[in-house]
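K.L.:
Mind having a look at this structure? Questions to follow.
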Amino acid sequence: MNFTAIRSRMLAAALLPVFLVVVASVGVFWAGRVDDLDAAHRQRAKLLVRQVAIASEYGLFSNNAASLQSVVNGVQHEPDVRAVAVFDASGTQLAGSGLPISAHFRGDDGSEYVAYQSRLGVDALVEKISASSVALDDLFETSKDAKAVSPVALGYAVVELSRDSLKARERSTFFIAAGVGLLGLLVGGFLAIRLGERVMQPILSVSRRLERIGQGDFSVRSDIRYQDPLHELQEGLNEMAIRLAWGREELEQRVADVTQELRVKMGEAESATLAKSRFLAAASHDLRQPTHALGLFIARLGQLPMDAQMRQLVASLDASVQAMQDLLDGLLDISRLDAGVVQVQMRPVSLGELLGTLRAALASVATEKGLRLRVRPTHLWALSDPVVLQRMVMNLANNALRYTERGSVHIACRPVDGGKNIRIDVSDSGIGISQEHQTEIFREFYQVGNPRRDRAYGLGLGLNIVERSARLLGHTVALRSSLGCGTRFSITLPLVAAPEAIPPVVPVEVPVTVALKGLRVWVIEDDDFSREAIQELLESWGCNVCVASTAEQAYARMRHEPAPDVIVSDYRLGEGDSGLSAIACLRALAGRCIPACLMSGDTDAALMQAVKDAGLTLLHKPVRPAKLRSLVRHLVASAATAGIDPDAQLPL
């Protein structure tokens, strides 16, 4: 509480009436005193000029200049008299003393002269001097109806008085009044402060108690005096403090009980989360193993001679396995993004090349659906990771083609934000997205208009991967759509200038086809179905395959047989062994760096980082046969090419 403000307001409330009364009293006193002084000054001036007029009557009548001068000299000695003069009836000055009389006096009633002197701050008075009339009725008989004779003007008496002393008295009166008023204000202020303190003390006491209670100190008690004007409020505060203390103790006990329960629940939730994570990891690994083997068996089955009906059945099986592998790949991408193991490499990216690659990859899909795929050429460059950005735009374009039945899909880019950024737009003439679904479509497995989960419309993971990738790169993804009017997805990223000199990419001279016939491939796999499937697939390609279910079996073969050309190993080999250690030991036994790769159904971030540190390529199960075949060819070709690290990871 702002006690200073309260004191100030109370002091102002007490002083305001005192101030008004004092100012009014001083004003009335000073105004009345000034009027009295002015009236006395004027009355004295009139008496002086009247005195001069009476005393000068004989001198004017007898034309005695000495007598007149004596009169004016006597009046001149009076205080505040500036000038005294006597004029005859024609306006000629006969006697004078003090300052010269102004030339404005013309000998008449002097109104013009008096007004002029008043403007100069001088009080000028003019009195007509007349001959006294004596009644001679006793000496001469006159008719009773004779008219009285008006007195004859003999001259004029003029007196000028200064107002300096009057003003000085007015000033002194003002100072006296101001002093009295100031004294009254001081006395009133002192009394107001004393009164305010008496009023404020109980309020301050209550306020301090409330403040301490607000801070949690409920032990505040006060001795209540019955003469206290806030007696009832003090009693209420004591009672409130007691009840609050009881309530706090009860609340603290409840909080402690709830906290303990929350800790127990949190422990149970953490245990459940860990159990779920372990279950998902195990389920993912166990699901990938048979899916991996199934895909390899189907690929091998497709190489066998069969009739049309059987080939159609194998194609359906392959499509089902591909759908399952797409789901697992999408889950793998999300897990990698969640784990934070995706390392981005921000550099200038040619959007023209990126859009050209997309046009080549999607042209056949658009043609099959009878859609027009329009990709606008551009020479702009952006700052991003080329691989991640290409996957983002590819996902958006695939979605546009998937949900557009007729019309076109348009991919273009344009500068925005005054040339600071660039926006990549993927637009379609499809069904559009209603407003209620636009904030939900970026969730995992969320699809609009696919309640039966038709795999032809995807898995509902593409947009979620796009949003997570955008956050990873620092880009923004925006959506603009309305039902029945198509959809436009936009990716906004920084615009950069094209590099001045782009180093030419020197292609590695690798044969277009590397013969796999006669290639010695060692497969280390603890799962029987996966080991059998990959063995049959590699043998169908003409490879000489040697299989081992444990690392120890592989070590034993290395001691008695020639070293392989390529090693394909699972990560988990049982008995505490791993594919990383097995490959390292086999290379040590062979005395050279054998080309090798790892396969695993695990998506653990630590595993990905360990494989990357070892300089190996990790194939996530289920592995597609074409991908495995391409990798084996690249490993063999890299090892055979001079100056190329045989363990370097090559694009597939």
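Residues in the structure tokens are named by chain (A, B, ... in the order shown) and by number from 1 within that chain; ligands are numbered from 1 in the order shown.
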Name the residues in contact with segment 378-389 of chain A at a cut-off of 8 Å, using only C-alpha atoms, excluding same-chain residues fewer than 5 positions from it; report them as a PyMOL selection string.

P.N.:
chain A and resi 344-352+354+413+422+469+473+493-498

K.L.:
I need the residue nearest Asp35 of chain A from this list: A:Glu112, A:Glu160, A:Glu170, A:Glu57. Use only C-alpha atoms for the distance.

P.N.:
A:Glu170

K.L.:
Given the choices A:Ile465, A:Phe19, A:Glu127, A:Val114, which gets closest to Leu47 of chain A if the distance is worked out from only C-alpha atoms?

P.N.:
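Of the candidates, the smallest distance to Leu47 of chain A is held by A:Glu127.
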
K.L.:
Can you pull out the residues contacting segment 180-188 of chain A? Cut-off 7 Å, using only C-alpha atoms, and skip same-chain residues under 4 positions away; I want them as a PyMOL selection string.

P.N.:
chain A and resi 15+18-19+22-23+26+176+192

K.L.:
Find the residues around Val393 of chain A up to 9 Å (only C-alpha atoms counted), leave out those fewer than 6 positions away in its own chain, and share them as a PyMOL selection string.

P.N.:
chain A and resi 355+358+424-426+466+491

K.L.:
The selected residues should be written to file as a compact mmCIF listing (two decimals), in the first residue's frame (atoms: N, CA and C atoms).

P.N.:
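This is the output file result_6.txt:
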# COMPACT_ATOMS: atom_id res chain seq x y z
N LEU A 355 14.05 -28.75 -58.90
CA LEU A 355 12.75 -28.89 -59.56
C LEU A 355 12.86 -29.76 -60.80
N LEU A 358 12.68 -33.29 -59.65
CA LEU A 358 11.30 -33.65 -59.31
C LEU A 358 10.48 -33.89 -60.56
N ILE A 424 8.63 -21.78 -52.11
CA ILE A 424 8.36 -22.88 -53.04
C ILE A 424 6.90 -23.28 -52.86
N ASP A 425 6.12 -23.17 -53.94
CA ASP A 425 4.69 -23.48 -53.90
C ASP A 425 4.43 -24.78 -54.64
N VAL A 426 3.65 -25.66 -54.01
CA VAL A 426 3.15 -26.88 -54.64
C VAL A 426 1.63 -26.78 -54.63
N VAL A 466 7.26 -33.58 -43.31
CA VAL A 466 7.56 -32.26 -43.89
C VAL A 466 7.65 -31.20 -42.80
N ILE A 491 6.69 -23.61 -48.86
CA ILE A 491 7.87 -23.69 -47.99
C ILE A 491 8.66 -22.40 -48.19

K.L.:
Contacts of Ala124 of chain A at 8 Å or less, counting only C-alpha atoms, minus same-chain residues fewer than 5 places along, as an MDAnalysis selection string?

P.N.:
chainID A and resid 113:114 117:118 158:161
